[in-house]
Amino acid sequence: MRAVVLRFANALRAWFAVIRDVLLPRGCAGCDKPDEVLCPSCVKLFGHAYPKALPGDDVRCYGCSWYQGSVRQAILNWKDHGDEECDRVFASLLADLAVKVLAGQASYDRIHALVLVPAPSSFSSMHHRGRWQTLPLARSMVRYLRGYGFASVMKPVLRLEGVRGKSVQTADAQSRSRRIAGHVRVTEDLSGDDSLFIVVDDIVTTGATMGQCIAALRAAGARDAIGLALACTPNRSG
Ligand SMILES: [Zn+2]
């Protein structure tokens, strides 16, 4: 039943997208500049590698940008208003971030393979949006990273269970952490896999979900895991 509802929602959304494209020529997802998916000025805003502090000390997470202004607008248009043309450009920006972050790791030479893991969505969020939005990002990143010479695969092994949705508005890290705790599940045993696991998310706010995902991957046997996101909210300390 759920699959049928999702398929119907997808079909409906695709029709709306066709009608919208005919009636309204597209503008930049970030600033509405005509005829661009994401204009060069907005692309530039995603060209950073900001470290994001997560709850817990030994986890690493990086964002292409801070979640504000045109960055925020572009991500909202993609995530909540069905601007799927952003998938490819966002994936390429995330792949660039991965290359920058890996170049900064002391253990860079020892990284033989990458496993891209889309951050999990709750069923209600997938139902609302009609898709698991980090999945196409992780999938396209594999292609870009192979182009950069990294052996890469995608493994959608994380599931979020028993939470009503992933709310960006929830500001309190502690309550968010409690809400998510115990709800991230890994669907396979990863022991013996010495790839670097990269959790791919769109927005990291408190870092609670990302911290849980990284911890869950490690608990399932992943030797090392980091998180990458399109945007992060600035750390409280800076
Ligand atoms: Zn723009």
# chains A, B, ... in the order shown; residues from 1 in each chain; ligands from 1

$ closest_atom_pairs --of "chain A" --to "ligand 1" --cutoff "9 Å" --atoms "only C-alpha atoms and all ligand atoms" --output "tab-separated table"
residue	atom	partner	partner_atom_place_in_ligand_line	distance
A:Gly27	CA	ligand 1	1 (Zn)	8.0
A:Cys28	CA	ligand 1	1 (Zn)	4.7
A:Ala29	CA	ligand 1	1 (Zn)	6.4
A:Gly30	CA	ligand 1	1 (Zn)	4.6
A:Cys31	CA	ligand 1	1 (Zn)	4.0
A:Asp32	CA	ligand 1	1 (Zn)	6.0
A:Lys33	CA	ligand 1	1 (Zn)	5.6
A:Pro34	CA	ligand 1	1 (Zn)	8.8
A:Glu36	CA	ligand 1	1 (Zn)	7.6
A:Val37	CA	ligand 1	1 (Zn)	8.1
A:Leu38	CA	ligand 1	1 (Zn)	5.3
A:Cys39	CA	ligand 1	1 (Zn)	4.1
A:Pro40	CA	ligand 1	1 (Zn)	6.7
A:Ser41	CA	ligand 1	1 (Zn)	5.7
A:Cys42	CA	ligand 1	1 (Zn)	4.3
A:Val43	CA	ligand 1	1 (Zn)	7.3
A:Ser70	CA	ligand 1	1 (Zn)	7.0
A:Val71	CA	ligand 1	1 (Zn)	8.8
A:Ala74	CA	ligand 1	1 (Zn)	8.2

$ write_last_selection --atoms "all heavy atoms" --output "CSV table (one decimal), in the first residue's frame"
chain,number,residue,atom,x,y,z
A,27,GLY,N,14.5,29.6,-13.1
A,27,GLY,CA,15.5,30.5,-12.6
A,27,GLY,C,16.4,29.7,-11.7
A,27,GLY,O,16.1,28.6,-11.3
A,28,CYS,N,17.5,30.4,-11.3
A,28,CYS,CA,18.5,29.8,-10.4
A,28,CYS,C,17.7,29.4,-9.1
A,28,CYS,O,16.9,30.2,-8.6
A,28,CYS,CB,19.6,30.8,-10.1
A,28,CYS,SG,20.6,30.3,-8.7
A,29,ALA,N,18.0,28.2,-8.6
A,29,ALA,CA,17.3,27.7,-7.4
A,29,ALA,C,17.6,28.6,-6.2
A,29,ALA,O,16.8,28.7,-5.3
A,29,ALA,CB,17.7,26.2,-7.1
A,30,GLY,N,18.8,29.2,-6.2
A,30,GLY,CA,19.2,30.0,-5.1
A,30,GLY,C,18.7,31.5,-5.2
A,30,GLY,O,18.2,32.0,-4.2
A,31,CYS,N,18.8,32.1,-6.4
A,31,CYS,CA,18.6,33.6,-6.4
A,31,CYS,C,17.6,33.9,-7.6
A,31,CYS,O,17.4,35.1,-7.8
A,31,CYS,CB,19.9,34.3,-6.6
A,31,CYS,SG,20.7,34.0,-8.2
A,32,ASP,N,17.1,32.9,-8.3
A,32,ASP,CA,16.1,33.2,-9.3
A,32,ASP,C,16.7,33.8,-10.6
A,32,ASP,O,15.9,34.3,-11.4
A,32,ASP,CB,15.0,33.9,-8.8
A,32,ASP,CG,13.6,33.5,-9.4
A,32,ASP,OD1,13.6,32.3,-9.9
A,32,ASP,OD2,12.7,34.3,-9.4
A,33,LYS,N,18.0,33.9,-10.7
A,33,LYS,CA,18.6,34.5,-12.0
A,33,LYS,C,18.1,33.6,-13.1
A,33,LYS,O,18.1,32.4,-13.0
A,33,LYS,CB,20.1,34.4,-11.9
A,33,LYS,CG,20.8,35.1,-13.0
A,33,LYS,CD,22.3,35.1,-12.7
A,33,LYS,CE,23.0,35.7,-13.9
A,33,LYS,NZ,24.3,35.2,-14.2
A,34,PRO,N,17.7,34.2,-14.3
A,34,PRO,CA,17.0,33.4,-15.3
A,34,PRO,C,17.9,32.3,-15.9
A,34,PRO,O,19.1,32.5,-16.0
A,34,PRO,CB,16.7,34.5,-16.4
A,34,PRO,CG,16.7,35.8,-15.7
A,34,PRO,CD,17.7,35.6,-14.6
A,36,GLU,N,19.1,29.4,-15.3
A,36,GLU,CA,20.2,28.6,-14.7
A,36,GLU,C,19.6,27.7,-13.7
A,36,GLU,O,18.6,28.0,-13.0
A,36,GLU,CB,21.2,29.5,-13.9
A,36,GLU,CG,21.7,30.7,-14.6
A,36,GLU,CD,23.1,30.5,-15.1
A,36,GLU,OE1,23.6,29.3,-15.1
A,36,GLU,OE2,23.8,31.5,-15.5
A,37,VAL,N,20.2,26.5,-13.5
A,37,VAL,CA,19.8,25.6,-12.4
A,37,VAL,C,20.3,26.1,-11.1
A,37,VAL,O,19.6,26.3,-10.1
A,37,VAL,CB,20.3,24.1,-12.7
A,37,VAL,CG1,19.9,23.3,-11.5
A,37,VAL,CG2,19.6,23.6,-13.9
A,38,LEU,N,21.6,26.4,-11.2
A,38,LEU,CA,22.3,27.1,-10.0
A,38,LEU,C,23.3,28.0,-10.7
A,38,LEU,O,24.2,27.6,-11.3
A,38,LEU,CB,22.9,26.1,-9.1
A,38,LEU,CG,23.2,26.6,-7.7
A,38,LEU,CD1,22.0,26.9,-6.9
A,38,LEU,CD2,24.0,25.5,-6.9
A,39,CYS,N,23.2,29.3,-10.5
A,39,CYS,CA,24.0,30.3,-11.2
A,39,CYS,C,25.5,30.3,-10.6
A,39,CYS,O,25.7,29.8,-9.5
A,39,CYS,CB,23.5,31.7,-11.1
A,39,CYS,SG,23.7,32.5,-9.5
A,40,PRO,N,26.5,30.8,-11.3
A,40,PRO,CA,27.8,30.7,-10.8
A,40,PRO,C,28.0,31.3,-9.4
A,40,PRO,O,28.8,30.8,-8.6
A,40,PRO,CB,28.6,31.5,-11.9
A,40,PRO,CG,27.8,31.3,-13.1
A,40,PRO,CD,26.4,31.3,-12.7
A,41,SER,N,27.3,32.5,-9.1
A,41,SER,CA,27.5,33.1,-7.8
A,41,SER,C,27.0,32.1,-6.7
A,41,SER,O,27.6,32.1,-5.6
A,41,SER,CB,26.7,34.4,-7.7
A,41,SER,OG,26.8,35.1,-8.9
A,42,CYS,N,25.9,31.5,-7.0
A,42,CYS,CA,25.3,30.6,-6.0
A,42,CYS,C,26.2,29.3,-5.9
A,42,CYS,O,26.4,28.8,-4.8
A,42,CYS,CB,23.9,30.2,-6.3
A,42,CYS,SG,22.7,31.6,-6.0
A,43,VAL,N,26.7,28.8,-7.0
A,43,VAL,CA,27.6,27.7,-7.0
A,43,VAL,C,28.8,28.0,-6.0
A,43,VAL,O,29.2,27.1,-5.2
A,43,VAL,CB,28.1,27.3,-8.4
A,43,VAL,CG1,29.3,26.4,-8.3
A,43,VAL,CG2,27.0,26.6,-9.2
A,70,SER,N,21.0,32.5,0.0
A,70,SER,CA,20.7,31.8,-1.3
A,70,SER,C,20.9,30.3,-1.2
A,70,SER,O,20.3,29.5,-1.9
A,70,SER,CB,21.5,32.4,-2.4
A,70,SER,OG,21.2,33.7,-2.6
A,71,VAL,N,21.8,29.9,-0.3
A,71,VAL,CA,22.1,28.5,-0.1
A,71,VAL,C,20.8,27.8,0.5
A,71,VAL,O,20.3,26.8,0.0
A,71,VAL,CB,23.2,28.3,0.9
A,71,VAL,CG1,23.2,26.9,1.5
A,71,VAL,CG2,24.6,28.6,0.3
A,74,ALA,N,18.1,27.7,-2.2
A,74,ALA,CA,18.3,26.6,-3.2
A,74,ALA,C,18.0,25.3,-2.6
A,74,ALA,O,17.3,24.4,-3.3
A,74,ALA,CB,19.8,26.7,-3.6

$ closest_atom_pairs --of "segment 13-130 of chain A" --to "segment 203-223 of chain A" --cutoff "9 Å" --atoms "only C-alpha atoms" --output "JSON lines"
{"residue": "A:Lys52", "atom": "CA", "partner": "A:Gly207", "partner_atom": "CA", "distance": 7.8}
{"residue": "A:Ala53", "atom": "CA", "partner": "A:Gly207", "partner_atom": "CA", "distance": 7.3}
{"residue": "A:Leu54", "atom": "CA", "partner": "A:Gly207", "partner_atom": "CA", "distance": 4.9}
{"residue": "A:Pro55", "atom": "CA", "partner": "A:Ala208", "partner_atom": "CA", "distance": 6.4}
{"residue": "A:Gly56", "atom": "CA", "partner": "A:Gly211", "partner_atom": "CA", "distance": 7.4}
{"residue": "A:Val59", "atom": "CA", "partner": "A:Gly211", "partner_atom": "CA", "distance": 6.9}
{"residue": "A:Arg60", "atom": "CA", "partner": "A:Gly211", "partner_atom": "CA", "distance": 8.7}
{"residue": "A:Cys61", "atom": "CA", "partner": "A:Met210", "partner_atom": "CA", "distance": 7.9}
{"residue": "A:Gly63", "atom": "CA", "partner": "A:Val204", "partner_atom": "CA", "distance": 8.0}
{"residue": "A:Tyr67", "atom": "CA", "partner": "A:Ile203", "partner_atom": "CA", "distance": 7.4}
{"residue": "A:Ile75", "atom": "CA", "partner": "A:Ile203", "partner_atom": "CA", "distance": 8.4}
{"residue": "A:Ala119", "atom": "CA", "partner": "A:Cys213", "partner_atom": "CA", "distance": 7.4}
{"residue": "A:Pro120", "atom": "CA", "partner": "A:Cys213", "partner_atom": "CA", "distance": 8.4}

$ residues_around --residues "Asp80 of chain A" --least-positions-apart "6" --cutoff "10 Å" --atoms "only C-alpha atoms" --output "list in words"
His128, Arg129, Gly130 and Gln133 of chain A

$ closest_residue --among "A:Ala103, A:Ile111, A:Ala138, A:Val157" --to "Asp189 of chain A" --atoms "only C-alpha atoms"
A:Val157

$ closest_residue --among "A:Val117, A:Tyr50, A:Arg72, A:Pro136" --to "Val89 of chain A" --atoms "only C-alpha atoms"
A:Pro136

$ atom_distance --atom1 "atom CA of Glu161 of chain A" --atom2 "atom CA of Asp202 of chain A"
18.8 Å

$ select_by_dssp --residues "segment 29-237 of chain A" --states "strand (DSSP E or B)" --output "ChimeraX atom specification"
/A:34,50-51,61-63,66,113-118,151-154,158-160,184-186,196-204,224-232

$ residues_around --residues "Gly47 of chain A" --least-positions-apart "2" --cutoff "7 Å" --atoms "only C-alpha atoms" --output "list in words"
Val43, Lys44, Leu45, Cys64 and Ser65 of chain A

$ write_last_selection --atoms "all heavy atoms" --output "PDB file, in the first residue's frame"
ATOM      1  N   VAL A  43      26.700  28.805  -6.996  1.00  0.00           N
ATOM      2  CA  VAL A  43      27.619  27.657  -6.958  1.00  0.00           C
ATOM      3  C   VAL A  43      28.791  27.971  -6.035  1.00  0.00           C
ATOM      4  O   VAL A  43      29.211  27.149  -5.217  1.00  0.00           O
ATOM      5  CB  VAL A  43      28.114  27.285  -8.374  1.00  0.00           C
ATOM      6  CG1 VAL A  43      29.335  26.369  -8.320  1.00  0.00           C
ATOM      7  CG2 VAL A  43      26.992  26.619  -9.171  1.00  0.00           C
ATOM      8  N   LYS A  44      29.293  29.214  -6.157  1.00  0.00           N
ATOM      9  CA  LYS A  44      30.441  29.631  -5.357  1.00  0.00           C
ATOM     10  C   LYS A  44      30.155  29.543  -3.847  1.00  0.00           C
ATOM     11  O   LYS A  44      31.037  29.214  -3.056  1.00  0.00           O
ATOM     12  CB  LYS A  44      30.801  31.076  -5.732  1.00  0.00           C
ATOM     13  CG  LYS A  44      32.278  31.363  -5.697  1.00  0.00           C
ATOM     14  CD  LYS A  44      32.546  32.695  -6.338  1.00  0.00           C
ATOM     15  CE  LYS A  44      33.881  33.252  -5.819  1.00  0.00           C
ATOM     16  NZ  LYS A  44      34.099  34.625  -6.277  1.00  0.00           N
ATOM     17  N   LEU A  45      28.896  29.844  -3.478  1.00  0.00           N
ATOM     18  CA  LEU A  45      28.533  29.779  -2.052  1.00  0.00           C
ATOM     19  C   LEU A  45      28.670  28.362  -1.487  1.00  0.00           C
ATOM     20  O   LEU A  45      28.826  28.176  -0.281  1.00  0.00           O
ATOM     21  CB  LEU A  45      27.087  30.263  -1.850  1.00  0.00           C
ATOM     22  CG  LEU A  45      26.779  31.713  -2.237  1.00  0.00           C
ATOM     23  CD1 LEU A  45      25.280  31.977  -2.085  1.00  0.00           C
ATOM     24  CD2 LEU A  45      27.573  32.679  -1.351  1.00  0.00           C
ATOM     25  N   CYS A  64      29.389  21.954   2.580  1.00  0.00           N
ATOM     26  CA  CYS A  64      29.777  22.783   1.428  1.00  0.00           C
ATOM     27  C   CYS A  64      29.559  24.267   1.736  1.00  0.00           C
ATOM     28  O   CYS A  64      30.123  25.135   1.072  1.00  0.00           O
ATOM     29  CB  CYS A  64      28.908  22.460   0.213  1.00  0.00           C
ATOM     30  SG  CYS A  64      29.064  20.813  -0.448  1.00  0.00           S
ATOM     31  N   SER A  65      28.674  24.562   2.693  1.00  0.00           N
ATOM     32  CA  SER A  65      28.250  25.954   2.898  1.00  0.00           C
ATOM     33  C   SER A  65      27.584  26.080   4.265  1.00  0.00           C
ATOM     34  O   SER A  65      27.308  25.077   4.920  1.00  0.00           O
ATOM     35  CB  SER A  65      27.231  26.333   1.822  1.00  0.00           C
ATOM     36  OG  SER A  65      26.110  25.449   1.909  1.00  0.00           O
TER      37      SER A  65
END

$ closest_residue --among "A:Gly82, A:His112, A:Glu188, A:Ile226" --to "Ala9 of chain A" --atoms "only C-alpha atoms"
A:Gly82

$ select_by_dssp --residues "segment 5-201 of chain A" --states "helix (DSSP H, G or I)" --output "PyMOL selection string"
chain A and resi 5-23+40-45+69-80+86-103+108-110+123-129+134-147+173-180

$ atom_distance --atom1 "atom CA of Gln73 of chain A" --atom2 "atom CA of Leu160 of chain A"
25.7 Å

$ atom_distance --atom1 "atom CA of Ala98 of chain A" --atom2 "atom CA of Thr233 of chain A"
18.6 Å

$ decode --residues "segment 84-129 of chain A" --atoms "N, CA and C atoms" --output "PDB file, in the first residue's frame"
ATOM      1  N   GLU A  84      14.192  18.939  -8.914  1.00  0.00           N
ATOM      2  CA  GLU A  84      15.108  17.802  -9.006  1.00  0.00           C
ATOM      3  C   GLU A  84      16.269  18.036  -9.976  1.00  0.00           C
ATOM      4  N   GLU A  85      16.167  19.111 -10.777  1.00  0.00           N
ATOM      5  CA  GLU A  85      17.307  19.437 -11.643  1.00  0.00           C
ATOM      6  C   GLU A  85      18.548  19.772 -10.815  1.00  0.00           C
ATOM      7  N   CYS A  86      18.339  20.095  -9.552  1.00  0.00           N
ATOM      8  CA  CYS A  86      19.484  20.390  -8.669  1.00  0.00           C
ATOM      9  C   CYS A  86      20.247  19.133  -8.258  1.00  0.00           C
ATOM     10  N   ASP A  87      19.643  17.946  -8.422  1.00  0.00           N
ATOM     11  CA  ASP A  87      20.312  16.708  -7.972  1.00  0.00           C
ATOM     12  C   ASP A  87      21.760  16.655  -8.437  1.00  0.00           C
ATOM     13  N   ARG A  88      21.944  16.845  -9.749  1.00  0.00           N
ATOM     14  CA  ARG A  88      23.277  16.627 -10.322  1.00  0.00           C
ATOM     15  C   ARG A  88      24.274  17.676  -9.875  1.00  0.00           C
ATOM     16  N   VAL A  89      23.827  18.929  -9.851  1.00  0.00           N
ATOM     17  CA  VAL A  89      24.758  19.991  -9.461  1.00  0.00           C
ATOM     18  C   VAL A  89      25.109  19.860  -7.975  1.00  0.00           C
ATOM     19  N   PHE A  90      24.131  19.509  -7.150  1.00  0.00           N
ATOM     20  CA  PHE A  90      24.422  19.312  -5.725  1.00  0.00           C
ATOM     21  C   PHE A  90      25.371  18.122  -5.523  1.00  0.00           C
ATOM     22  N   ALA A  91      25.138  17.045  -6.279  1.00  0.00           N
ATOM     23  CA  ALA A  91      26.018  15.866  -6.146  1.00  0.00           C
ATOM     24  C   ALA A  91      27.449  16.222  -6.540  1.00  0.00           C
ATOM     25  N   SER A  92      27.595  17.039  -7.576  1.00  0.00           N
ATOM     26  CA  SER A  92      28.947  17.390  -8.011  1.00  0.00           C
ATOM     27  C   SER A  92      29.620  18.286  -6.962  1.00  0.00           C
ATOM     28  N   LEU A  93      28.842  19.175  -6.320  1.00  0.00           N
ATOM     29  CA  LEU A  93      29.405  20.013  -5.258  1.00  0.00           C
ATOM     30  C   LEU A  93      29.812  19.168  -4.046  1.00  0.00           C
ATOM     31  N   LEU A  94      29.012  18.154  -3.734  1.00  0.00           N
ATOM     32  CA  LEU A  94      29.345  17.263  -2.620  1.00  0.00           C
ATOM     33  C   LEU A  94      30.579  16.410  -2.944  1.00  0.00           C
ATOM     34  N   ALA A  95      30.697  16.005  -4.207  1.00  0.00           N
ATOM     35  CA  ALA A  95      31.886  15.230  -4.605  1.00  0.00           C
ATOM     36  C   ALA A  95      33.136  16.101  -4.481  1.00  0.00           C
ATOM     37  N   ASP A  96      33.022  17.372  -4.876  1.00  0.00           N
ATOM     38  CA  ASP A  96      34.156  18.301  -4.713  1.00  0.00           C
ATOM     39  C   ASP A  96      34.517  18.445  -3.233  1.00  0.00           C
ATOM     40  N   LEU A  97      33.483  18.514  -2.387  1.00  0.00           N
ATOM     41  CA  LEU A  97      33.728  18.605  -0.941  1.00  0.00           C
ATOM     42  C   LEU A  97      34.473  17.360  -0.451  1.00  0.00           C
ATOM     43  N   ALA A  98      34.037  16.184  -0.922  1.00  0.00           N
ATOM     44  CA  ALA A  98      34.689  14.928  -0.508  1.00  0.00           C
ATOM     45  C   ALA A  98      36.176  14.961  -0.874  1.00  0.00           C
ATOM     46  N   VAL A  99      36.472  15.418  -2.087  1.00  0.00           N
ATOM     47  CA  VAL A  99      37.874  15.452  -2.533  1.00  0.00           C
ATOM     48  C   VAL A  99      38.686  16.399  -1.646  1.00  0.00           C
ATOM     49  N   LYS A 100      38.109  17.571  -1.339  1.00  0.00           N
ATOM     50  CA  LYS A 100      38.813  18.535  -0.465  1.00  0.00           C
ATOM     51  C   LYS A 100      39.061  17.943   0.921  1.00  0.00           C
ATOM     52  N   VAL A 101      38.033  17.323   1.483  1.00  0.00           N
ATOM     53  CA  VAL A 101      38.148  16.775   2.837  1.00  0.00           C
ATOM     54  C   VAL A 101      39.171  15.642   2.860  1.00  0.00           C
ATOM     55  N   LEU A 102      39.116  14.766   1.853  1.00  0.00           N
ATOM     56  CA  LEU A 102      40.047  13.629   1.822  1.00  0.00           C
ATOM     57  C   LEU A 102      41.478  14.106   1.641  1.00  0.00           C
ATOM     58  N   ALA A 103      41.652  15.172   0.869  1.00  0.00           N
ATOM     59  CA  ALA A 103      43.000  15.710   0.662  1.00  0.00           C
ATOM     60  C   ALA A 103      43.569  16.239   1.979  1.00  0.00           C
ATOM     61  N   GLY A 104      42.689  16.604   2.910  1.00  0.00           N
ATOM     62  CA  GLY A 104      43.145  17.127   4.192  1.00  0.00           C
ATOM     63  C   GLY A 104      43.348  16.058   5.255  1.00  0.00           C
ATOM     64  N   GLN A 105      43.055  14.809   4.927  1.00  0.00           N
ATOM     65  CA  GLN A 105      43.201  13.736   5.911  1.00  0.00           C
ATOM     66  C   GLN A 105      44.623  13.179   5.871  1.00  0.00           C
ATOM     67  N   ALA A 106      45.204  12.995   7.048  1.00  0.00           N
ATOM     68  CA  ALA A 106      46.557  12.427   7.110  1.00  0.00           C
ATOM     69  C   ALA A 106      46.561  11.019   6.514  1.00  0.00           C
ATOM     70  N   SER A 107      45.428  10.323   6.664  1.00  0.00           N
ATOM     71  CA  SER A 107      45.373   8.926   6.212  1.00  0.00           C
ATOM     72  C   SER A 107      44.937   8.800   4.750  1.00  0.00           C
ATOM     73  N   TYR A 108      44.991   9.904   4.021  1.00  0.00           N
ATOM     74  CA  TYR A 108      44.523   9.952   2.627  1.00  0.00           C
ATOM     75  C   TYR A 108      45.075   8.802   1.778  1.00  0.00           C
ATOM     76  N   ASP A 109      46.389   8.531   1.915  1.00  0.00           N
ATOM     77  CA  ASP A 109      47.029   7.508   1.081  1.00  0.00           C
ATOM     78  C   ASP A 109      46.516   6.105   1.391  1.00  0.00           C
ATOM     79  N   ARG A 110      45.961   5.956   2.584  1.00  0.00           N
ATOM     80  CA  ARG A 110      45.511   4.612   2.968  1.00  0.00           C
ATOM     81  C   ARG A 110      44.048   4.369   2.615  1.00  0.00           C
ATOM     82  N   ILE A 111      43.372   5.389   2.074  1.00  0.00           N
ATOM     83  CA  ILE A 111      41.969   5.208   1.710  1.00  0.00           C
ATOM     84  C   ILE A 111      41.893   4.558   0.323  1.00  0.00           C
ATOM     85  N   HIS A 112      41.420   3.316   0.302  1.00  0.00           N
ATOM     86  CA  HIS A 112      41.375   2.592  -0.964  1.00  0.00           C
ATOM     87  C   HIS A 112      40.016   2.688  -1.637  1.00  0.00           C
ATOM     88  N   ALA A 113      38.986   2.780  -0.810  1.00  0.00           N
ATOM     89  CA  ALA A 113      37.644   2.754  -1.394  1.00  0.00           C
ATOM     90  C   ALA A 113      36.689   3.574  -0.546  1.00  0.00           C
ATOM     91  N   LEU A 114      35.690   4.128  -1.219  1.00  0.00           N
ATOM     92  CA  LEU A 114      34.681   4.939  -0.530  1.00  0.00           C
ATOM     93  C   LEU A 114      33.318   4.257  -0.644  1.00  0.00           C
ATOM     94  N   VAL A 115      32.566   4.328   0.424  1.00  0.00           N
ATOM     95  CA  VAL A 115      31.177   3.866   0.385  1.00  0.00           C
ATOM     96  C   VAL A 115      30.295   5.070   0.716  1.00  0.00           C
ATOM     97  N   LEU A 116      29.462   5.467  -0.245  1.00  0.00           N
ATOM     98  CA  LEU A 116      28.561   6.606  -0.048  1.00  0.00           C
ATOM     99  C   LEU A 116      27.252   6.092   0.533  1.00  0.00           C
ATOM    100  N   VAL A 117      26.868   6.663   1.657  1.00  0.00           N
ATOM    101  CA  VAL A 117      25.664   6.198   2.356  1.00  0.00           C
ATOM    102  C   VAL A 117      24.686   7.367   2.484  1.00  0.00           C
ATOM    103  N   PRO A 118      23.539   7.306   1.786  1.00  0.00           N
ATOM    104  CA  PRO A 118      22.573   8.406   1.941  1.00  0.00           C
ATOM    105  C   PRO A 118      22.039   8.466   3.368  1.00  0.00           C
ATOM    106  N   ALA A 119      21.973   9.685   3.930  1.00  0.00           N
ATOM    107  CA  ALA A 119      21.380   9.842   5.261  1.00  0.00           C
ATOM    108  C   ALA A 119      19.925   9.381   5.189  1.00  0.00           C
ATOM    109  N   PRO A 120      19.454   8.718   6.236  1.00  0.00           N
ATOM    110  CA  PRO A 120      18.106   8.136   6.170  1.00  0.00           C
ATOM    111  C   PRO A 120      17.004   9.181   6.289  1.00  0.00           C
ATOM    112  N   SER A 121      15.869   8.876   5.661  1.00  0.00           N
ATOM    113  CA  SER A 121      14.658   9.684   5.816  1.00  0.00           C
ATOM    114  C   SER A 121      13.607   8.826   6.494  1.00  0.00           C
ATOM    115  N   SER A 122      12.767   9.446   7.290  1.00  0.00           N
ATOM    116  CA  SER A 122      11.657   8.686   7.877  1.00  0.00           C
ATOM    117  C   SER A 122      10.618   8.419   6.787  1.00  0.00           C
ATOM    118  N   PHE A 123       9.747   7.448   7.023  1.00  0.00           N
ATOM    119  CA  PHE A 123       8.721   7.165   6.012  1.00  0.00           C
ATOM    120  C   PHE A 123       7.851   8.391   5.774  1.00  0.00           C
ATOM    121  N   SER A 124       7.501   9.109   6.845  1.00  0.00           N
ATOM    122  CA  SER A 124       6.594  10.255   6.667  1.00  0.00           C
ATOM    123  C   SER A 124       7.260  11.335   5.818  1.00  0.00           C
ATOM    124  N   SER A 125       8.566  11.503   5.986  1.00  0.00           N
ATOM    125  CA  SER A 125       9.245  12.500   5.176  1.00  0.00           C
ATOM    126  C   SER A 125       9.320  12.056   3.711  1.00  0.00           C
ATOM    127  N   MET A 126       9.550  10.754   3.475  1.00  0.00           N
ATOM    128  CA  MET A 126       9.562  10.256   2.084  1.00  0.00           C
ATOM    129  C   MET A 126       8.184  10.379   1.447  1.00  0.00           C
ATOM    130  N   HIS A 127       7.164  10.114   2.274  1.00  0.00           N
ATOM    131  CA  HIS A 127       5.792  10.206   1.806  1.00  0.00           C
ATOM    132  C   HIS A 127       5.468  11.652   1.412  1.00  0.00           C
ATOM    133  N   HIS A 128       5.892  12.580   2.255  1.00  0.00           N
ATOM    134  CA  HIS A 128       5.642  14.004   2.040  1.00  0.00           C
ATOM    135  C   HIS A 128       6.363  14.497   0.783  1.00  0.00           C
ATOM    136  N   ARG A 129       7.615  14.067   0.589  1.00  0.00           N
ATOM    137  CA  ARG A 129       8.412  14.579  -0.530  1.00  0.00           C
ATOM    138  C   ARG A 129       8.329  13.689  -1.760  1.00  0.00           C
TER     139      ARG A 129
END
